[in-house]
file work_10.tsv (TSV, C-alpha atoms (C1' of nucleotides))
chain	number	residue	atom	x	y	z
A	1	MET	CA	-48.53	30.16	-35.19
A	2	LEU	CA	-45.06	28.76	-34.78
A	3	PHE	CA	-42.96	27.60	-37.68
A	4	GLN	CA	-39.41	26.42	-37.71
A	5	VAL	CA	-36.91	25.46	-40.37
A	6	ASN	CA	-33.93	23.17	-40.50
A	7	PHE	CA	-30.98	24.28	-42.61
A	8	LYS	CA	-29.16	20.98	-42.48
A	9	SER	CA	-32.06	18.81	-43.59
A	10	GLY	CA	-31.16	19.04	-47.26
A	11	LYS	CA	-34.74	19.99	-48.03
A	12	PRO	CA	-35.07	23.57	-49.33
A	13	VAL	CA	-36.18	25.99	-46.63
A	14	TYR	CA	-39.01	27.40	-48.72
A	15	LEU	CA	-40.45	23.91	-49.22
A	16	GLN	CA	-40.26	23.20	-45.50
A	17	LEU	CA	-42.41	26.28	-44.99
A	18	VAL	CA	-44.85	25.17	-47.68
A	19	ASP	CA	-45.29	21.81	-45.98
A	20	GLN	CA	-45.81	23.32	-42.56
A	21	ILE	CA	-48.35	25.83	-43.76
A	22	GLN	CA	-50.18	23.18	-45.77
A	23	ALA	CA	-50.32	21.04	-42.64
A	24	ALA	CA	-51.51	23.96	-40.52
A	25	ALA	CA	-54.22	24.72	-43.08
A	26	ALA	CA	-55.27	21.09	-43.37
A	27	SER	CA	-55.46	20.58	-39.60
A	28	GLY	CA	-57.43	23.77	-39.05
A	29	ALA	CA	-54.67	25.40	-36.98
A	30	LEU	CA	-55.02	28.22	-39.48
A	31	ALA	CA	-58.60	29.40	-39.98
A	32	PRO	CA	-59.96	30.28	-43.43
A	33	GLY	CA	-59.61	34.01	-44.06
A	34	GLU	CA	-57.01	34.31	-41.34
A	35	ALA	CA	-53.96	36.40	-42.12
A	36	LEU	CA	-50.62	34.67	-42.35
A	37	PRO	CA	-47.56	36.24	-40.75
A	38	SER	CA	-46.28	38.91	-43.09
A	39	ILE	CA	-43.16	38.16	-45.02
A	40	ARG	CA	-40.55	40.36	-43.42
A	41	PRO	CA	-41.26	39.72	-39.73
A	42	LEU	CA	-41.56	35.97	-40.31
A	43	ALA	CA	-38.31	35.96	-42.26
A	44	GLU	CA	-36.58	37.80	-39.46
A	45	GLU	CA	-37.90	35.47	-36.82
A	46	LEU	CA	-36.81	32.39	-38.76
A	47	ARG	CA	-33.42	33.97	-39.60
A	48	VAL	CA	-34.21	33.51	-43.26
A	49	ASN	CA	-34.22	35.80	-46.27
A	50	ARG	CA	-37.44	37.66	-47.07
A	51	ASN	CA	-37.54	36.19	-50.52
A	52	THR	CA	-37.33	32.67	-49.19
A	53	VAL	CA	-40.58	33.21	-47.31
A	54	ALA	CA	-41.99	35.02	-50.34
A	55	LYS	CA	-41.23	32.02	-52.52
A	56	ALA	CA	-43.05	29.73	-50.12
A	57	TYR	CA	-46.10	31.99	-50.22
A	58	THR	CA	-45.96	32.16	-54.01
A	59	GLU	CA	-45.93	28.39	-54.20
A	60	LEU	CA	-48.87	28.16	-51.81
A	61	GLU	CA	-50.84	30.64	-53.86
A	62	SER	CA	-50.25	28.72	-57.08
A	63	GLN	CA	-51.59	25.68	-55.23
A	64	GLY	CA	-54.69	27.63	-54.30
A	65	VAL	CA	-54.08	27.30	-50.58
A	66	ILE	CA	-53.65	31.01	-49.83
A	67	GLU	CA	-54.62	34.27	-51.43
A	68	THR	CA	-52.23	37.21	-51.54
A	69	LEU	CA	-53.30	40.82	-51.82
A	70	PRO	CA	-50.31	43.01	-52.67
A	71	GLY	CA	-49.99	45.78	-50.13
A	72	LYS	CA	-52.32	44.07	-47.67
A	73	GLY	CA	-50.98	40.64	-46.89
A	74	CYS	CA	-51.57	36.92	-47.38
A	75	PHE	CA	-54.66	35.07	-46.19
A	76	LEU	CA	-55.96	31.54	-46.16
A	77	LYS	CA	-58.50	31.25	-48.96
A	78	GLU	CA	-62.06	31.81	-47.75
A	79	ASN	CA	-63.64	29.09	-49.83
A	80	HIS	CA	-60.74	26.87	-49.13
A	81	SER	CA	-62.71	24.43	-47.02
A	82	PRO	CA	-64.65	22.73	-49.80
A	83	LEU	CA	-61.54	22.50	-51.92
A	84	ARG	CA	-59.31	21.43	-49.11
A	85	LYS	CA	-59.97	17.76	-49.49
A	86	GLU	CA	-59.47	17.89	-53.24
A	87	ILE	CA	-56.18	19.70	-52.90
A	88	ARG	CA	-54.89	17.20	-50.42
A	89	ARG	CA	-55.96	14.39	-52.72
A	90	LYS	CA	-54.13	15.93	-55.65
A	91	LEU	CA	-50.91	16.41	-53.70
A	92	LEU	CA	-51.08	12.92	-52.31
A	93	ILE	CA	-51.95	11.30	-55.62
A	94	GLU	CA	-48.72	12.58	-57.11
A	95	GLU	CA	-46.72	10.70	-54.51
A	96	ILE	CA	-48.85	7.59	-54.72
A	97	ASP	CA	-48.60	7.41	-58.48
A	98	GLN	CA	-44.83	7.57	-58.30
A	99	ALA	CA	-44.79	4.57	-55.99
A	100	ILE	CA	-47.19	2.59	-58.18
A	101	VAL	CA	-45.21	3.31	-61.32
A	102	LYS	CA	-42.06	2.20	-59.53
A	103	ALA	CA	-43.76	-1.02	-58.49
A	104	HIS	CA	-44.71	-1.63	-62.08
A	105	HIS	CA	-41.17	-1.03	-63.29
A	106	LEU	CA	-39.85	-3.45	-60.70
A	107	GLN	CA	-42.48	-5.97	-61.72
A	108	VAL	CA	-43.91	-6.15	-58.24
A	109	PRO	CA	-47.44	-7.57	-58.52
A	110	GLY	CA	-50.37	-5.50	-57.27
A	111	PRO	CA	-51.34	-7.57	-54.23
A	112	GLU	CA	-47.76	-7.70	-52.99
A	113	PHE	CA	-47.51	-3.96	-53.43
A	114	LEU	CA	-50.63	-3.39	-51.36
A	115	LYS	CA	-49.35	-5.67	-48.63
A	116	LEU	CA	-46.11	-3.73	-48.58
A	117	VAL	CA	-47.99	-0.45	-48.25
A	118	GLU	CA	-49.95	-1.73	-45.27
A	119	HIS	CA	-46.78	-3.07	-43.71
A	120	ARG	CA	-44.98	0.23	-44.06
A	121	MET	CA	-47.93	2.16	-42.65
A	122	GLU	CA	-47.68	0.10	-39.49
A	123	ALA	CA	-43.91	0.42	-39.36
A	124	LEU	CA	-43.95	4.17	-39.75
A	125	GLU	CA	-46.76	4.52	-37.25
A	126	ASP	CA	-44.72	2.60	-34.69
A	127	LYS	CA	-41.72	4.77	-35.40
A	128	ARG	CA	-43.81	7.89	-34.96
A	129	ARG	CA	-45.07	6.66	-31.61
A	130	ALA	CA	-41.51	5.96	-30.49
A	131	ASN	CA	-40.56	9.53	-31.35
A	132	GLU	CA	-43.49	10.87	-29.36
A	133	ILE	CA	-42.34	8.97	-26.29
A	134	GLU	CA	-38.79	10.17	-26.81
A	135	LYS	CA	-40.00	13.76	-26.88
A	136	GLU	CA	-41.84	13.36	-23.59
A	137	GLU	CA	-38.70	12.24	-21.80
B	1	MET	CA	-31.26	-6.21	-75.15
B	2	LEU	CA	-32.82	-2.96	-76.23
B	3	PHE	CA	-32.73	0.22	-74.20
B	4	GLN	CA	-33.95	3.64	-75.15
B	5	VAL	CA	-33.79	7.07	-73.59
B	6	ASN	CA	-35.92	10.17	-73.78
B	7	PHE	CA	-34.14	13.50	-73.65
B	8	LYS	CA	-37.28	15.55	-73.23
B	9	SER	CA	-38.66	13.65	-70.25
B	10	GLY	CA	-36.94	15.82	-67.67
B	11	LYS	CA	-35.64	12.71	-65.96
B	12	PRO	CA	-31.84	12.43	-66.17
B	13	VAL	CA	-30.73	10.04	-68.89
B	14	TYR	CA	-28.48	8.03	-66.58
B	15	LEU	CA	-31.40	7.39	-64.20
B	16	GLN	CA	-33.58	6.25	-67.08
B	17	LEU	CA	-30.93	3.68	-67.85
B	18	VAL	CA	-30.72	2.61	-64.21
B	19	ASP	CA	-34.47	2.02	-64.13
B	20	GLN	CA	-34.49	0.04	-67.35
B	21	ILE	CA	-31.61	-2.18	-66.33
B	22	GLN	CA	-33.14	-2.73	-62.89
B	23	ALA	CA	-36.36	-3.76	-64.57
B	24	ALA	CA	-34.54	-6.06	-66.99
B	25	ALA	CA	-32.71	-7.65	-64.07
B	26	ALA	CA	-35.86	-8.01	-62.00
B	27	SER	CA	-37.84	-9.57	-64.84
B	28	GLY	CA	-35.08	-12.00	-65.76
B	29	ALA	CA	-34.56	-10.50	-69.21
B	30	LEU	CA	-30.95	-10.24	-68.11
B	31	ALA	CA	-29.56	-13.49	-66.71
B	32	PRO	CA	-27.25	-13.52	-63.66
B	33	GLY	CA	-23.63	-13.47	-64.74
B	34	GLU	CA	-24.57	-12.18	-68.16
B	35	ALA	CA	-22.46	-9.35	-69.55
B	36	LEU	CA	-24.08	-5.98	-70.03
B	37	PRO	CA	-23.42	-4.00	-73.21
B	38	SER	CA	-20.07	-2.32	-72.85
B	39	ILE	CA	-20.09	1.38	-72.19
B	40	ARG	CA	-18.85	2.88	-75.42
B	41	PRO	CA	-20.92	0.90	-77.96
B	42	LEU	CA	-24.07	1.35	-75.88
B	43	ALA	CA	-23.41	5.07	-75.57
B	44	GLU	CA	-22.94	5.36	-79.31
B	45	GLU	CA	-26.13	3.43	-80.05
B	46	LEU	CA	-28.15	5.60	-77.67
B	47	ARG	CA	-26.49	8.79	-78.95
B	48	VAL	CA	-25.35	9.52	-75.43
B	49	ASN	CA	-22.05	10.36	-73.82
B	50	ARG	CA	-19.89	7.48	-72.61
B	51	ASN	CA	-19.78	8.89	-69.13
B	52	THR	CA	-23.55	9.04	-68.92
B	53	VAL	CA	-23.71	5.28	-69.38
B	54	ALA	CA	-20.76	4.88	-67.02
B	55	LYS	CA	-22.60	6.82	-64.36
B	56	ALA	CA	-25.64	4.56	-64.70
B	57	TYR	CA	-23.40	1.49	-64.28
B	58	THR	CA	-21.68	3.03	-61.25
B	59	GLU	CA	-25.04	3.66	-59.65
B	60	LEU	CA	-26.14	0.09	-60.35
B	61	GLU	CA	-22.95	-1.27	-58.84
B	62	SER	CA	-23.42	0.76	-55.66
B	63	GLN	CA	-26.89	-0.76	-55.46
B	64	GLY	CA	-25.41	-4.22	-55.73
B	65	VAL	CA	-27.23	-5.05	-58.93
B	66	ILE	CA	-24.19	-5.43	-61.16
B	67	GLU	CA	-20.52	-6.14	-60.75
B	68	THR	CA	-17.90	-4.32	-62.75
B	69	LEU	CA	-14.44	-5.68	-63.48
B	70	PRO	CA	-12.22	-2.89	-64.82
B	71	GLY	CA	-10.72	-3.95	-68.14
B	72	LYS	CA	-13.23	-6.79	-68.59
B	73	GLY	CA	-16.73	-5.39	-68.44
B	74	CYS	CA	-19.89	-5.25	-66.35
B	75	PHE	CA	-21.95	-8.26	-65.37
B	76	LEU	CA	-25.13	-9.00	-63.49
B	77	LYS	CA	-24.17	-10.22	-60.04
B	78	GLU	CA	-24.05	-14.03	-59.84
B	79	ASN	CA	-25.69	-14.34	-56.45
B	80	HIS	CA	-28.13	-11.67	-57.38
B	81	SER	CA	-31.15	-13.97	-57.58
B	82	PRO	CA	-31.68	-14.55	-53.85
B	83	LEU	CA	-31.26	-10.86	-53.17
B	84	ARG	CA	-33.37	-9.74	-56.05
B	85	LYS	CA	-36.61	-9.64	-54.13
B	86	GLU	CA	-35.01	-7.80	-51.22
B	87	ILE	CA	-33.52	-5.18	-53.50
B	88	ARG	CA	-36.82	-4.56	-55.19
B	89	ARG	CA	-38.48	-4.24	-51.79
B	90	LYS	CA	-35.91	-1.74	-50.64
B	91	LEU	CA	-36.26	0.43	-53.72
B	92	LEU	CA	-40.02	0.31	-53.53
B	93	ILE	CA	-40.15	1.00	-49.82
B	94	GLU	CA	-38.38	4.29	-50.35
B	95	GLU	CA	-41.17	5.45	-52.65
B	96	ILE	CA	-43.92	4.10	-50.45
B	97	ASP	CA	-42.54	5.75	-47.34
B	98	GLN	CA	-42.49	9.11	-49.08
B	99	ALA	CA	-46.17	8.76	-49.91
B	100	ILE	CA	-47.09	7.70	-46.37
B	101	VAL	CA	-45.16	10.56	-44.83
B	102	LYS	CA	-46.90	12.97	-47.19
B	103	ALA	CA	-50.27	11.55	-46.19
B	104	HIS	CA	-49.38	12.10	-42.58
B	105	HIS	CA	-48.34	15.69	-43.23
B	106	LEU	CA	-51.61	16.33	-45.01
B	107	GLN	CA	-53.49	14.71	-42.15
B	108	VAL	CA	-55.07	12.14	-44.42
B	109	PRO	CA	-56.22	9.25	-42.24
B	110	GLY	CA	-54.82	5.76	-42.87
B	111	PRO	CA	-57.96	4.10	-44.23
B	112	GLU	CA	-58.58	6.92	-46.68
B	113	PHE	CA	-54.97	6.71	-47.79
B	114	LEU	CA	-55.30	3.00	-48.47
B	115	LYS	CA	-58.50	3.52	-50.42
B	116	LEU	CA	-56.75	6.16	-52.49
B	117	VAL	CA	-53.88	3.80	-53.22
B	118	GLU	CA	-56.26	1.11	-54.44
B	119	HIS	CA	-58.12	3.63	-56.53
B	120	ARG	CA	-54.94	4.88	-58.19
B	121	MET	CA	-53.77	1.35	-58.89
B	122	GLU	CA	-56.93	0.73	-60.86
B	123	ALA	CA	-56.71	4.08	-62.62
B	124	LEU	CA	-53.10	3.57	-63.68
B	125	GLU	CA	-53.80	0.01	-64.77
B	126	ASP	CA	-56.59	1.26	-67.01
B	127	LYS	CA	-54.32	3.91	-68.45
B	128	ARG	CA	-51.67	1.31	-69.13
B	129	ARG	CA	-54.14	-0.87	-70.97
B	130	ALA	CA	-55.23	2.08	-73.08
B	131	ASN	CA	-51.62	2.71	-74.06
B	132	GLU	CA	-51.20	-0.92	-75.03
B	133	ILE	CA	-54.17	-0.73	-77.37
B	134	GLU	CA	-52.87	2.51	-78.84
B	135	LYS	CA	-49.55	0.87	-79.60
B	136	GLU	CA	-51.19	-1.99	-81.45
B	137	GLU	CA	-52.93	0.34	-83.87
C	1	DC	C1'	5.57	-5.57	-77.06
C	2	DT	C1'	1.61	-3.53	-79.47
C	3	DC	C1'	-3.12	-2.90	-80.48
C	4	DT	C1'	-7.61	-2.69	-79.04
C	5	DC	C1'	-10.80	-3.71	-76.15
C	6	DT	C1'	-12.59	-2.92	-71.29
C	7	DG	C1'	-13.85	0.69	-67.24
C	8	DT	C1'	-12.05	5.08	-64.48
C	9	DC	C1'	-10.79	9.48	-63.16
C	10	DA	C1'	-10.10	14.62	-63.35
C	11	DT	C1'	-11.92	18.33	-65.14
C	12	DA	C1'	-14.96	21.67	-67.12
C	13	DG	C1'	-19.12	23.56	-69.35
C	14	DG	C1'	-24.12	24.48	-69.09
C	15	DA	C1'	-28.40	24.44	-66.93
C	16	DC	C1'	-31.02	24.70	-63.03
C	17	DT	C1'	-32.14	25.75	-58.18
C	18	DG	C1'	-32.15	28.00	-53.76
C	19	DT	C1'	-31.07	32.04	-51.60
C	20	DA	C1'	-29.77	37.06	-51.14
C	21	DT	C1'	-29.94	42.24	-52.18
C	22	DG	C1'	-31.97	46.32	-53.75
C	23	DA	C1'	-35.35	49.06	-55.94
C	24	DC	C1'	-40.21	49.22	-56.86
C	25	DA	C1'	-45.55	49.59	-56.37
C	26	DG	C1'	-49.95	49.20	-53.77
C	27	DT	C1'	-52.45	50.02	-49.06
C	28	DT	C1'	-53.38	52.18	-44.83
C	29	DG	C1'	-53.26	55.59	-41.13
C	30	DT	C1'	-51.71	60.07	-39.71
D	1	DA	C1'	-48.66	64.42	-48.68
D	2	DC	C1'	-46.10	61.56	-45.89
D	3	DA	C1'	-44.51	57.53	-43.48
D	4	DA	C1'	-44.71	52.79	-42.47
D	5	DC	C1'	-46.39	48.90	-43.63
D	6	DT	C1'	-47.68	45.25	-47.18
D	7	DG	C1'	-46.08	41.99	-51.41
D	8	DT	C1'	-43.30	41.97	-56.14
D	9	DC	C1'	-39.88	42.03	-59.43
D	10	DA	C1'	-35.14	42.10	-61.57
D	11	DT	C1'	-30.96	40.72	-60.72
D	12	DA	C1'	-26.95	38.28	-58.97
D	13	DC	C1'	-24.34	34.89	-56.47
D	14	DA	C1'	-23.36	30.17	-54.98
D	15	DG	C1'	-24.07	25.47	-55.06
D	16	DT	C1'	-25.53	21.33	-57.30
D	17	DC	C1'	-26.61	18.25	-60.94
D	18	DC	C1'	-26.08	16.30	-65.55
D	19	DT	C1'	-23.43	15.84	-69.30
D	20	DA	C1'	-19.14	16.13	-72.18
D	21	DT	C1'	-14.03	15.73	-73.29
D	22	DG	C1'	-9.60	13.94	-72.79
D	23	DA	C1'	-6.09	11.30	-70.71
D	24	DC	C1'	-5.30	7.24	-68.03
D	25	DA	C1'	-4.86	2.03	-66.35
D	26	DG	C1'	-6.07	-3.05	-66.49
D	27	DA	C1'	-7.07	-7.28	-69.59
D	28	DG	C1'	-6.54	-10.13	-73.50
D	29	DA	C1'	-5.36	-11.22	-78.59
D	30	DG	C1'	-2.06	-10.91	-82.14
call {"tool": "encode", "arguments": {"input": "work_10.tsv", "output": "structure tokens"}}
result
Amino acid sequence: MLFQVNFKSGKPVYLQLVDQIQAAAASGALAPGEALPSIRPLAEELRVNRNTVAKAYTELESQGVIETLPGKGCFLKENHSPLRKEIRRKLLIEEIDQAIVKAHHLQVPGPEFLKLVEHRMEALEDKRRANEIEKEE
Amino acid sequence: MLFQVNFKSGKPVYLQLVDQIQAAAASGALAPGEALPSIRPLAEELRVNRNTVAKAYTELESQGVIETLPGKGCFLKENHSPLRKEIRRKLLIEEIDQAIVKAHHLQVPGPEFLKLVEHRMEALEDKRRANEIEKEE
DNA sequence: CTCTCTGTCATAGGACTGTATGACAGTTGT
DNA sequence: ACAACTGTCATACAGTCCTATGACAGAGAG
């Protein structure tokens, strides 16, 4: 498992970790029941404070993604699989609702909003592909 | 023109004002060239500091929504109408992109994302209607 | 000019947030 | 029991954000 953080991104380091671990859990790169890297070694490897990693793990536990046994370590929740989809939905719905509320405030009609969403999905997908190609060079 | 702020909402007061004025401008409740309430009286009416209103106006000016003439007052930009739609798009796209990026991080496939968006639009619309009815009682 | 209106800037207080340090408690293997 | 590992908590420091206060400068009416 390889994580990495970016200090200059403006986004808090502990949240970067949360995102990456969420993604790893969602994609199956981390198996249910599997142990996560323990706090101190991971912190050292990332050149980050122990408590920064600890905060990320705390956040993940409150989200029900991992389970932490003091003295033993942190593990991906066993029965995480059936909940996984629901958790992703919940996280995503928060973002989606924000966008819809904004559209309402700006008096953008529903159909136009939907069209805009589809348009941006294509645009971002193209951008992502361009980045992939760039990486290969 | 009636604005109102909520101190307990967690959202900064000056941003609440920005949203409300953006909405008023987008809906045409504020006509192009029309003067906005001047800072001090509005601040007094809202029981808010002068500089809080000033900060909202500064933000709106940097977004190109209003024009401020020191010593005279603040006005909705004259040639704002043709740009209005573009500005709304830009503001909305920021929110939409965040949601799409989140979906990608959570490995939610495009079609499912779109379905979720449609579902939430209905849900929020229902909620809005319920609030309307509640208000009428 | 003077008075009063307009917005602006410098500054500071208070709250919150992200990170860092040290001492602590539970678990495991020797 | 001891040592080496695990996560946890209290605390503190720094930076940022929002708001507040006071002094300032331009515009227009008298």
call {"tool": "residues_around", "arguments": {"input": "work_10.tsv", "residues": "Leu15 of chain A", "least_positions_apart": "2", "cutoff": "12 Å", "atoms": "all atoms listed in the file", "output": "number ranges by chain"}}
result
A: 4-7, 9-13, 17-22, 52-60; C: 18
call {"tool": "residues_around", "arguments": {"input": "work_10.tsv", "residues": "Leu114 of chain B", "least_positions_apart": "4", "cutoff": "8 Å", "atoms": "all atoms listed in the file", "output": "number ranges by chain"}}
result
A: 118; B: 110, 118
call {"tool": "closest_residue", "arguments": {"input": "work_10.tsv", "among": "B:Lys115, B:Val108, B:Ala99, B:Leu2", "to": "Leu42 of chain B", "atoms": "all atoms listed in the file"}}
result
B:Leu2
call {"tool": "closest_residue", "arguments": {"input": "work_10.tsv", "among": "B:Val48, B:Val101, B:Ala23, B:Ala31", "to": "chain A", "atoms": "all atoms listed in the file"}}
result
B:Ala23
call {"tool": "interface_residues", "arguments": {"input": "work_10.tsv", "of": "chain B", "to": "chain C", "cutoff": "10 Å", "atoms": "only C-alpha atoms (C1' of nucleotides)", "output": "list in words"}}
result
Ser38, Ile39, Arg40, Asn51, Ala54, Thr68, Leu69, Pro70, Gly71, Lys72, Gly73 and Cys74 of chain B
call {"tool": "atom_distance", "arguments": {"input": "work_10.tsv", "atom1": "atom CA of Arg50 of chain B", "atom2": "atom CA of Glu34 of chain B"}}
result
20.7 Å
call {"tool": "residues_around", "arguments": {"input": "work_10.tsv", "residues": "Glu94 of chain B", "least_positions_apart": "4", "cutoff": "12 Å", "atoms": "all atoms listed in the file", "output": "ChimeraX atom specification"}}
result
/A:95-96,98-100,102-103,116-117,120,124 /B:87-90,98-101
call {"tool": "write_last_selection", "arguments": {"input": "work_10.tsv", "atoms": "C-alpha atoms", "output": "short mmCIF file (atom, residue, chain, number, x, y, z; two decimals), keeping the file's coordinate frame"}}
result
data_model
loop_
_atom_site.label_atom_id
_atom_site.label_comp_id
_atom_site.auth_asym_id
_atom_site.auth_seq_id
_atom_site.Cartn_x
_atom_site.Cartn_y
_atom_site.Cartn_z
CA GLU A 95 -46.72 10.70 -54.51
CA ILE A 96 -48.85 7.59 -54.72
CA GLN A 98 -44.83 7.57 -58.30
CA ALA A 99 -44.79 4.57 -55.99
CA ILE A 100 -47.19 2.59 -58.18
CA LYS A 102 -42.06 2.20 -59.53
CA ALA A 103 -43.76 -1.02 -58.49
CA LEU A 116 -46.11 -3.73 -48.58
CA VAL A 117 -47.99 -0.45 -48.25
CA ARG A 120 -44.98 0.23 -44.06
CA LEU A 124 -43.95 4.17 -39.75
CA ILE B 87 -33.52 -5.18 -53.50
CA ARG B 88 -36.82 -4.56 -55.19
CA ARG B 89 -38.48 -4.24 -51.79
CA LYS B 90 -35.91 -1.74 -50.64
CA GLN B 98 -42.49 9.11 -49.08
CA ALA B 99 -46.17 8.76 -49.91
CA ILE B 100 -47.09 7.70 -46.37
CA VAL B 101 -45.16 10.56 -44.83
#
call {"tool": "atom_distance", "arguments": {"input": "work_10.tsv", "atom1": "atom CA of Gln16 of chain A", "atom2": "atom C1' of DC5 of chain D"}}
result
26.5 Å
call {"tool": "residues_near_point", "arguments": {"input": "work_10.tsv", "point": "(-49.5, 29.5, -37.7)", "cutoff": "7 Å", "atoms": "all atoms listed in the file", "output": "list in words"}}
result
Met1, Leu2, Phe3, Ala24, Ala29 and Leu30 of chain A
call {"tool": "interface_residues", "arguments": {"input": "work_10.tsv", "of": "chain D", "to": "chain A", "cutoff": "12 Å", "atoms": "only C-alpha atoms (C1' of nucleotides)", "output": "number ranges by chain"}}
result
D: 4-9, 16
call {"tool": "atom_distance", "arguments": {"input": "work_10.tsv", "atom1": "atom CA of Glu44 of chain B", "atom2": "atom C1' of DA23 of chain D"}}
result
19.8 Å
call {"tool": "closest_residue", "arguments": {"input": "work_10.tsv", "among": "A:Ala35, A:Leu106, A:Ala123, A:Glu112", "to": "Ile66 of chain A", "atoms": "all atoms listed in the file"}}
result
A:Ala35
call {"tool": "closest_residue", "arguments": {"input": "work_10.tsv", "among": "A:Asn131, A:Gln63, A:Asn49, A:Gln107", "to": "chain B", "atoms": "all atoms listed in the file"}}
result
A:Gln107
call {"tool": "closest_residue", "arguments": {"input": "work_10.tsv", "among": "A:Ile133, A:Ile93, A:Leu36, A:Leu46", "to": "chain B", "atoms": "all atoms listed in the file"}}
result
A:Ile93
call {"tool": "closest_residue", "arguments": {"input": "work_10.tsv", "among": "B:Asp97, B:Glu67, B:Asp126, B:Glu86", "to": "chain A", "atoms": "all atoms listed in the file"}}
result
B:Asp97
